[in-house]
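Just below is one structure, and these are the notes that go with it.
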There are 2 protein chains.
Amino acid sequence: MVVQPPDPLSAVFRALGDPTRREMLHRLVDGERTVGELAEPFRMSVQAASKHVKVLERAGLVRRRVQGRVHYCRLHADRLAEAQRWIAFYERFWSGRLDALETMFHPRSAHPPDDEERAP
Amino acid sequence: MVVQPPDPLSAVFRALGDPTRREMLHRLVDGERTVGELAEPFRMSVQAASKHVKVLERAGLVRRRVQGRVHYCRLHADRLAEAQRWIAFYERFWSGRLDALETMFHPRSAHPPDDEERAP
DNA sequence: CGCATCCACAACCATTCGGTTGACAATCCG
DNA sequence: CGGATTGTCAACCGAATGGTTGTGGATGCG
């Protein structure tokens, strides 16, 4: 309704909210892949897969390099870091804490990562 | 279209993909809150906020305790741990690594966290 | 040149999402 | 009892999502 520009964090989480896109990200860990290669494992049209790639791209999780007629996609994980920092704020609240030592290396801020600043 | 049961990880990420719901989670860090209390900061009807709470609940991020006519919600962060483990697989690919020491305390598996196992 | 390949764009469709309003069930309290 | 409070449920609405098909633009190549 409000048609406000979606904040980056929401875009990242929503992009991750689809298993097809998560699988695509995973297939990018060992290097660049073309849109066609990314589409190949899925039982869907290339156009549909292309839409998924675009969602990942708009979320900042994938960068594209056009060479000739092929589009090479590569992982751009920096946005994932922000997402993880947001989640990490809640580490103290989940039960399966690996070991207490870890908290020494995760100095958490008193506030959750910057978010929801758009609401006055 | 395929109407398949959404996997838990997708449900978590999609729940996190909305700033209202992230804000609600944040307001649960210092204890239980009723649905009304959760709805109060937002310029939306109680019914709309109630829907958000239900999304969080179905994603397993919030538990509910009904007492009389009030519904007390509390944070249940375990699902966030799974989400973070999924993201953590990509740590090696983002640039702003805090310090190399941290990797000693994050022994990563060779594979990403269990996911997309539903596609044979 | 002529054709095949890679991919985007556009239109369309069904479903989901995020919000509304209205009605109602249950509970507390005078 | 009767009224106020808390919250759900149901129906509805517009926009976004996830898919399809069709078209066409570049590019590579025989």
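Lettering and numbering for the structure tokens are positional, with chains as A, B, ... in the shown order, residues counted from 1 in each chain, and ligands counted from 1 in the shown order.
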
Would you give me, as a PyMOL selection string, the residues of chain C that come within 10 Å of chain A, using only C-alpha atoms (C1' of nucleotides)? chain C and resi 5-9+18-19

Kindly export the residues of the current selection with C-alpha atoms (C1' of nucleotides), as a short mmCIF file (atom, residue, chain, number, x, y, z; two decimals), in the first residue's frame.
data_model
loop_
_atom_site.label_atom_id
_atom_site.label_comp_id
_atom_site.auth_asym_id
_atom_site.auth_seq_id
_atom_site.Cartn_x
_atom_site.Cartn_y
_atom_site.Cartn_z
"C1'" DT C 5 21.79 -19.55 -28.73
"C1'" DC C 6 21.33 -16.65 -24.58
"C1'" DC C 7 18.65 -13.81 -22.34
"C1'" DA C 8 15.40 -9.88 -21.35
"C1'" DC C 9 10.92 -7.89 -21.78
"C1'" DG C 18 -0.54 -6.85 3.82
"C1'" DG C 19 -3.94 -4.18 4.94
#

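For the residues B:Leu16, B:Leu28, B:Leu9, B:Ala39, ranking by smallest atom-to-atom distance to chain D using only C-alpha atoms (C1' of nucleotides) places B:Ala39 first.
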
Cut-off 6 Å: closest chain A/chain B atom pairs per residue, using only C-alpha atoms, as a tab-separated table:
residue	atom	partner	partner_atom	distance
A:Ser10	CA	B:Gly17	CA	4.4
A:Phe13	CA	B:Gly17	CA	4.7
A:Arg14	CA	B:Gly17	CA	4.7
A:Gly17	CA	B:Ser10	CA	4.4
A:Asp18	CA	B:Ser10	CA	5.8
A:Ala77	CA	B:Trp94	CA	4.7
A:Asp78	CA	B:Trp94	CA	4.8
A:Phe93	CA	B:Ala77	CA	5.7
A:Trp94	CA	B:Ala77	CA	4.7

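Pairwise distance (atom C1' of DG2 of chain D, atom C1' of DC29 of chain C) equals 10.3 Å.
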
Write out as a short mmCIF file (atom, residue, chain, number, x, y, z; two decimals) with C-alpha atoms, in the first residue's frame each polymer residue whose atoms come within 6 Å of Cys73 of chain B, counting only C-alpha atoms (C1' of nucleotides); drop sequence neighbours fewer than 2 positions from it.
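After the write, out_26.cif holds the following:
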data_model
loop_
_atom_site.label_atom_id
_atom_site.label_comp_id
_atom_site.auth_asym_id
_atom_site.auth_seq_id
_atom_site.Cartn_x
_atom_site.Cartn_y
_atom_site.Cartn_z
CA GLU B 32 6.58 -11.36 27.11
CA ARG B 33 4.15 -8.98 25.49
CA THR B 34 0.51 -9.29 24.69
CA ARG B 63 5.32 -18.84 21.14
CA ARG B 64 1.99 -17.92 22.61
#

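Residues of chain D lying within 12 Å of chain B, counting only C-alpha atoms (C1' of nucleotides), are DT5, DT6, DG7, DT8, DC9, DA10, DT17, DG18, DG19 and DT20 of chain D.
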
Atom pair atom CA of Arg58 of chain B + atom CA of Glu37 of chain B, distance 19.5 Å
